[in-house]
Amino acid sequence: MVQGTDTSRQVPGIQEMLTRLISLPSISSASADWDHSNEAVVRTLAEWLEPMGFTVEILEVPGMPGKYNLIATLGSGPGGLVLSGHTDTVPFDDKRWQSDPFTLTEKDNRWYGLGTCDMKGFFPLAIEAAKAFVDQPLQQPLIILATADEESSMNGARALAEAGKPKARYAVIGEPTSLQPVRMHKGIMMERLKFEGQSGHSSDPGLGRNALEGMHEAMGELLSLRQQWQSQYQNPNFRVQVPTMNLGCIHGGDNPNRICAQCELHFDLRPLPGMDMAGLRQAILDRLQPVAERRELGLTFEPLFDGVPPFETPADAALVKACEKLTGHTAHAVAFATEAPWLQKLGMETLVMGPGSIDQAHQPDEYLELSQLEPTLDILRGLIKQFCLEGKEA
């Protein structure tokens, strides 16, 4: 095992680590013009973790050249703690930034830069917290996990769940929550509905089959389903206590005097914990197919992306109780989605908690308050001590 004094010489301090991570573009986007590889970020993390005694595994995300997950493990055993973060950032508008997004800039007791808050800033803090334990006899392993493409496809986390790794008992995802534990969030589904009919002269409706009129009826069915689900499902932990459905955009037809031959609707659905996405899609299809058949319209109904399932960890879970004790905050629910469902699928008690505020994420002049650094280190050291060094539950 590498000695602590050697480690401190080989591994930079928090500010130097974050400076380097911020300087490495790792934007993920559905647009090829914006999308970057995250390999440089992953290789840099490995460069710091290996001298500390971590065993590092770098895994290419299947079907996504240039996208990598990293699993770094200190110690061994069947349980242990995962400290997880995503390596990618969202795109940015440099005209709205007051400083270079890729240069860590200190001002007003804040560090500014793309990813400082969401969420490259978590990695230097996790590594710094881990330094105190490299020479300790861990009873259970400490795992630092870095994922790809959380901001676009979530395919990095999906690939890990499909591969069945890493294995541990507990996982904390360091998304920006102002160091308040989050034990549940809604899911996100974005769906595409398309009707295809037959064009014709508007003077005689019998010459065609109107896709726009079919969509009008279908929208009524969707809103009826929304009302049904909002009556059936409610969760007071959320500010918006019911599942939501938003009819977001619609396109159809080409001229007032032609029967509309094609109409397409995009909508989103945000299910509560306990609502199954496959079941929701089937319920929608069961309502829409009769509309299409009755009107002799071609029907396409498919996800715009695979979606993020809703997530919940029980209030009495050991990890929840430990984080509540360390932070002094009761675990709560948030509206934004994370990679938590996939870590949960791997069998881990999972919680979302990290430095910075979600209000600064995805914004120009993104920043991390320096006042968050020491509290984060104290919390992470407390978790590592409890779940890895002592191997105890709450």
# chains A, B, ... in the order shown; residues from 1 in each chain; ligands from 1
>>> residues_around(residues="A:Asp268", least_positions_apart="3", cutoff="6 Å", atoms="only C-alpha atoms", output="ChimeraX atom specification")
/A:189-190,245-246
>>> residues_around(residues="stretch 367-379 of chain A", least_positions_apart="4", cutoff="7 Å", atoms="only C-alpha atoms", output="tab-separated table (two decimals) with C-alpha atoms, in the first residue's frame")
chain	number	residue	atom	x	y	z
A	109	ASN	CA	-15.17	33.05	-2.24
A	110	ARG	CA	-16.39	30.99	-5.16
A	111	TRP	CA	-14.77	28.80	-7.80
A	112	TYR	CA	-16.22	29.50	-11.26
A	113	GLY	CA	-15.99	27.12	-14.20
A	116	THR	CA	-17.50	23.18	-10.79
A	117	CYS	CA	-20.92	22.47	-9.31
A	125	LEU	CA	-13.32	16.32	-2.66
A	129	ALA	CA	-11.45	12.62	1.74
A	326	LEU	CA	-23.80	13.73	9.50
A	355	PRO	CA	-21.74	20.25	-2.63
A	356	GLY	CA	-23.13	23.15	-4.59
A	360	GLN	CA	-26.13	26.99	-10.27
A	383	LEU	CA	-19.25	8.04	5.63
>>> residues_around(residues="stretch 52-63 of chain A", least_positions_apart="4", cutoff="8 Å", atoms="only C-alpha atoms", output="list of chain:residue names")
A:Met1, A:Val2, A:Gly4, A:Thr7, A:Val11, A:Val42, A:Ala46, A:Trp48, A:Lys67, A:Tyr68, A:Asn69, A:Leu70, A:Ile71, A:Ala72, A:Thr73, A:Leu74, A:Gly75, A:Lys131, A:Val134, A:Ala148, A:Asn155, A:Gly156, A:Ala159
>>> write_last_selection(atoms="C-alpha atoms", output="short mmCIF file (atom, residue, chain, number, x, y, z; two decimals), in the first residue's frame")
data_model
loop_
_atom_site.label_atom_id
_atom_site.label_comp_id
_atom_site.auth_asym_id
_atom_site.auth_seq_id
_atom_site.Cartn_x
_atom_site.Cartn_y
_atom_site.Cartn_z
CA MET A 1 0.00 0.00 0.00
CA VAL A 2 1.26 3.46 -0.85
CA GLY A 4 0.29 8.57 3.11
CA THR A 7 0.43 9.88 -1.67
CA VAL A 11 -1.75 13.56 -5.67
CA VAL A 42 -11.25 9.53 -16.73
CA ALA A 46 -6.92 7.27 -12.76
CA TRP A 48 -4.44 10.40 -9.18
CA LYS A 67 -17.04 7.40 -23.74
CA TYR A 68 -15.71 5.68 -20.60
CA ASN A 69 -16.71 4.74 -17.06
CA LEU A 70 -14.11 4.42 -14.30
CA ILE A 71 -14.30 2.14 -11.25
CA ALA A 72 -11.55 2.74 -8.67
CA THR A 73 -11.50 0.42 -5.65
CA LEU A 74 -9.56 0.72 -2.40
CA GLY A 75 -9.71 -2.41 -0.24
CA LYS A 131 -6.45 10.28 1.36
CA VAL A 134 -5.17 4.86 2.24
CA ALA A 148 -20.11 9.05 -18.86
CA ASN A 155 -25.80 5.45 -21.08
CA GLY A 156 -22.77 5.28 -18.82
CA ALA A 159 -23.92 0.17 -19.13
#
>>> select_by_dssp(residues="stretch 73-221 of chain A", states="strand (DSSP E)", output="PyMOL selection string")
chain A and resi 73-74+81-86+105-107+110-112+142-147+170-173+182-185+189-196
>>> atom_distance(atom1="atom CA of A:Val320", atom2="atom CA of A:Val352")
9.7 Å
>>> residues_around(residues="stretch 211-223 of chain A", least_positions_apart="5", cutoff="7 Å", atoms="only C-alpha atoms", output="PyMOL selection string")
chain A and resi 195-197+252+260-263+287-288+291+295+297
>>> write_last_selection(atoms="N, CA and C atoms", output="PDB file, in the first residue's frame")
ATOM      1  N   PHE A 195     -49.291  10.419 -36.068  1.00  0.00           N
ATOM      2  CA  PHE A 195     -50.386   9.862 -36.854  1.00  0.00           C
ATOM      3  C   PHE A 195     -50.125  10.162 -38.327  1.00  0.00           C
ATOM      4  N   GLU A 196     -50.350   9.166 -39.170  1.00  0.00           N
ATOM      5  CA  GLU A 196     -50.251   9.348 -40.617  1.00  0.00           C
ATOM      6  C   GLU A 196     -51.575   9.001 -41.256  1.00  0.00           C
ATOM      7  N   GLY A 197     -52.117   9.951 -42.015  1.00  0.00           N
ATOM      8  CA  GLY A 197     -53.395   9.755 -42.677  1.00  0.00           C
ATOM      9  C   GLY A 197     -53.253   9.858 -44.187  1.00  0.00           C
ATOM     10  N   GLY A 252     -48.040  19.620 -37.687  1.00  0.00           N
ATOM     11  CA  GLY A 252     -48.906  18.857 -38.573  1.00  0.00           C
ATOM     12  C   GLY A 252     -49.437  19.687 -39.720  1.00  0.00           C
ATOM     13  N   CYS A 260     -55.030  17.278 -43.538  1.00  0.00           N
ATOM     14  CA  CYS A 260     -53.730  17.023 -42.889  1.00  0.00           C
ATOM     15  C   CYS A 260     -53.395  15.539 -42.947  1.00  0.00           C
ATOM     16  N   ALA A 261     -52.284  15.218 -43.578  1.00  0.00           N
ATOM     17  CA  ALA A 261     -51.884  13.819 -43.741  1.00  0.00           C
ATOM     18  C   ALA A 261     -50.961  13.321 -42.644  1.00  0.00           C
ATOM     19  N   GLN A 262     -50.362  14.250 -41.899  1.00  0.00           N
ATOM     20  CA  GLN A 262     -49.388  13.818 -40.899  1.00  0.00           C
ATOM     21  C   GLN A 262     -49.371  14.803 -39.738  1.00  0.00           C
ATOM     22  N   CYS A 263     -49.340  14.269 -38.513  1.00  0.00           N
ATOM     23  CA  CYS A 263     -49.283  15.128 -37.331  1.00  0.00           C
ATOM     24  C   CYS A 263     -48.451  14.431 -36.262  1.00  0.00           C
ATOM     25  N   ARG A 287     -54.857   3.399 -25.016  1.00  0.00           N
ATOM     26  CA  ARG A 287     -55.808   4.483 -25.266  1.00  0.00           C
ATOM     27  C   ARG A 287     -55.726   4.987 -26.715  1.00  0.00           C
ATOM     28  N   LEU A 288     -54.508   4.959 -27.295  1.00  0.00           N
ATOM     29  CA  LEU A 288     -54.308   5.575 -28.600  1.00  0.00           C
ATOM     30  C   LEU A 288     -54.612   4.653 -29.776  1.00  0.00           C
ATOM     31  N   VAL A 291     -58.102   4.928 -31.271  1.00  0.00           N
ATOM     32  CA  VAL A 291     -58.269   6.171 -32.023  1.00  0.00           C
ATOM     33  C   VAL A 291     -57.731   5.995 -33.440  1.00  0.00           C
ATOM     34  N   ARG A 295     -60.052   5.776 -36.984  1.00  0.00           N
ATOM     35  CA  ARG A 295     -59.854   6.821 -37.993  1.00  0.00           C
ATOM     36  C   ARG A 295     -58.968   6.355 -39.159  1.00  0.00           C
ATOM     37  N   LEU A 297     -55.774   5.567 -39.268  1.00  0.00           N
ATOM     38  CA  LEU A 297     -54.517   6.309 -39.268  1.00  0.00           C
ATOM     39  C   LEU A 297     -53.360   5.388 -38.901  1.00  0.00           C
TER      40      LEU A 297
END
>>> closest_residue(among="A:Pro273, A:Gly354, A:Gly307, A:Pro137", to="A:Cys388", atoms="only C-alpha atoms")
A:Pro137
>>> closest_residue(among="A:Pro205, A:Pro243, A:Gly13, A:Pro181", to="A:Ala322", atoms="only C-alpha atoms")
A:Pro181
>>> residues_around(residues="A:Gln344", least_positions_apart="2", cutoff="12 Å", atoms="only C-alpha atoms", output="VMD selection string")
chain A and resid 82 157 to 158 160 to 161 164 to 173 183 to 184 309 to 314 338 to 342 346 to 352
>>> closest_residue(among="A:Thr327, A:Ser152, A:Ser29, A:Gln289", to="A:Leu193", atoms="only C-alpha atoms")
A:Gln289
>>> atom_distance(atom1="atom CA of A:Gly208", atom2="atom CA of A:Phe301")
21.9 Å
>>> closest_residue(among="A:Ala333, A:Ser31, A:Arg281, A:Ser203", to="A:Gln241", atoms="only C-alpha atoms")
A:Ala333
>>> select_by_dssp(residues="stretch 149-188 of chain A", states="helix (DSSP H, G or I)", output="list in words")
Asn155, Gly156, Ala157, Arg158, Ala159, Leu160, Ala161, Glu162 and Ala163 of chain A
>>> write_last_selection(atoms="N, CA and C atoms", output="mmCIF file, in the first residue's frame")
data_model
loop_
_atom_site.group_PDB
_atom_site.id
_atom_site.type_symbol
_atom_site.label_atom_id
_atom_site.label_comp_id
_atom_site.auth_asym_id
_atom_site.auth_seq_id
_atom_site.Cartn_x
_atom_site.Cartn_y
_atom_site.Cartn_z
ATOM 1 N N ASN A 155 -26.258 6.763 -20.616
ATOM 2 C CA ASN A 155 -25.796 5.448 -21.078
ATOM 3 C C ASN A 155 -24.612 4.911 -20.284
ATOM 4 N N GLY A 156 -23.851 5.779 -19.657
ATOM 5 C CA GLY A 156 -22.768 5.281 -18.816
ATOM 6 C C GLY A 156 -23.303 4.480 -17.651
ATOM 7 N N ALA A 157 -24.278 5.025 -16.945
ATOM 8 C CA ALA A 157 -24.882 4.321 -15.808
ATOM 9 C C ALA A 157 -25.641 3.081 -16.271
ATOM 10 N N ARG A 158 -26.323 3.186 -17.420
ATOM 11 C CA ARG A 158 -27.038 2.014 -17.949
ATOM 12 C C ARG A 158 -26.063 0.859 -18.212
ATOM 13 N N ALA A 159 -24.903 1.206 -18.799
ATOM 14 C CA ALA A 159 -23.919 0.167 -19.126
ATOM 15 C C ALA A 159 -23.403 -0.514 -17.866
ATOM 16 N N LEU A 160 -23.200 0.259 -16.802
ATOM 17 C CA LEU A 160 -22.750 -0.327 -15.539
ATOM 18 C C LEU A 160 -23.796 -1.282 -14.975
ATOM 19 N N ALA A 161 -25.056 -0.874 -15.021
ATOM 20 C CA ALA A 161 -26.122 -1.741 -14.509
ATOM 21 C C ALA A 161 -26.196 -3.034 -15.309
ATOM 22 N N GLU A 162 -26.035 -2.919 -16.635
ATOM 23 C CA GLU A 162 -26.076 -4.120 -17.480
ATOM 24 C C GLU A 162 -24.870 -5.018 -17.230
ATOM 25 N N ALA A 163 -23.727 -4.408 -16.906
ATOM 26 C CA ALA A 163 -22.514 -5.193 -16.642
ATOM 27 C C ALA A 163 -22.494 -5.769 -15.226
#
>>> closest_residue(among="A:Arg192, A:Arg239, A:Arg226, A:Arg43", to="A:Ala146", atoms="only C-alpha atoms")
A:Arg43
>>> closest_residue(among="A:His86, A:Lys186, A:Lys321, A:Arg294", to="A:Phe123", atoms="only C-alpha atoms")
A:His86
>>> residues_around(residues="A:Ser23", least_positions_apart="6", cutoff="9 Å", atoms="only C-alpha atoms", output="PyMOL selection string")
chain A and resi 101-104+113-114
>>> write_last_selection(atoms="C-alpha atoms", output="JSON list (two decimals), in the first residue's frame")
[["chain", "number", "residue", "atom", "x", "y", "z"],
["A", 101, "PRO", "CA", -15.64, 28.24, -18.72],
["A", 102, "PHE", "CA", -12.57, 25.99, -18.91],
["A", 103, "THR", "CA", -10.42, 27.99, -16.49],
["A", 104, "LEU", "CA", -11.04, 27.68, -12.75],
["A", 113, "GLY", "CA", -15.99, 27.12, -14.20],
["A", 114, "LEU", "CA", -18.01, 24.69, -16.31]]
>>> atom_distance(atom1="atom CA of A:Asn210", atom2="atom CA of A:Gly253")
9.1 Å
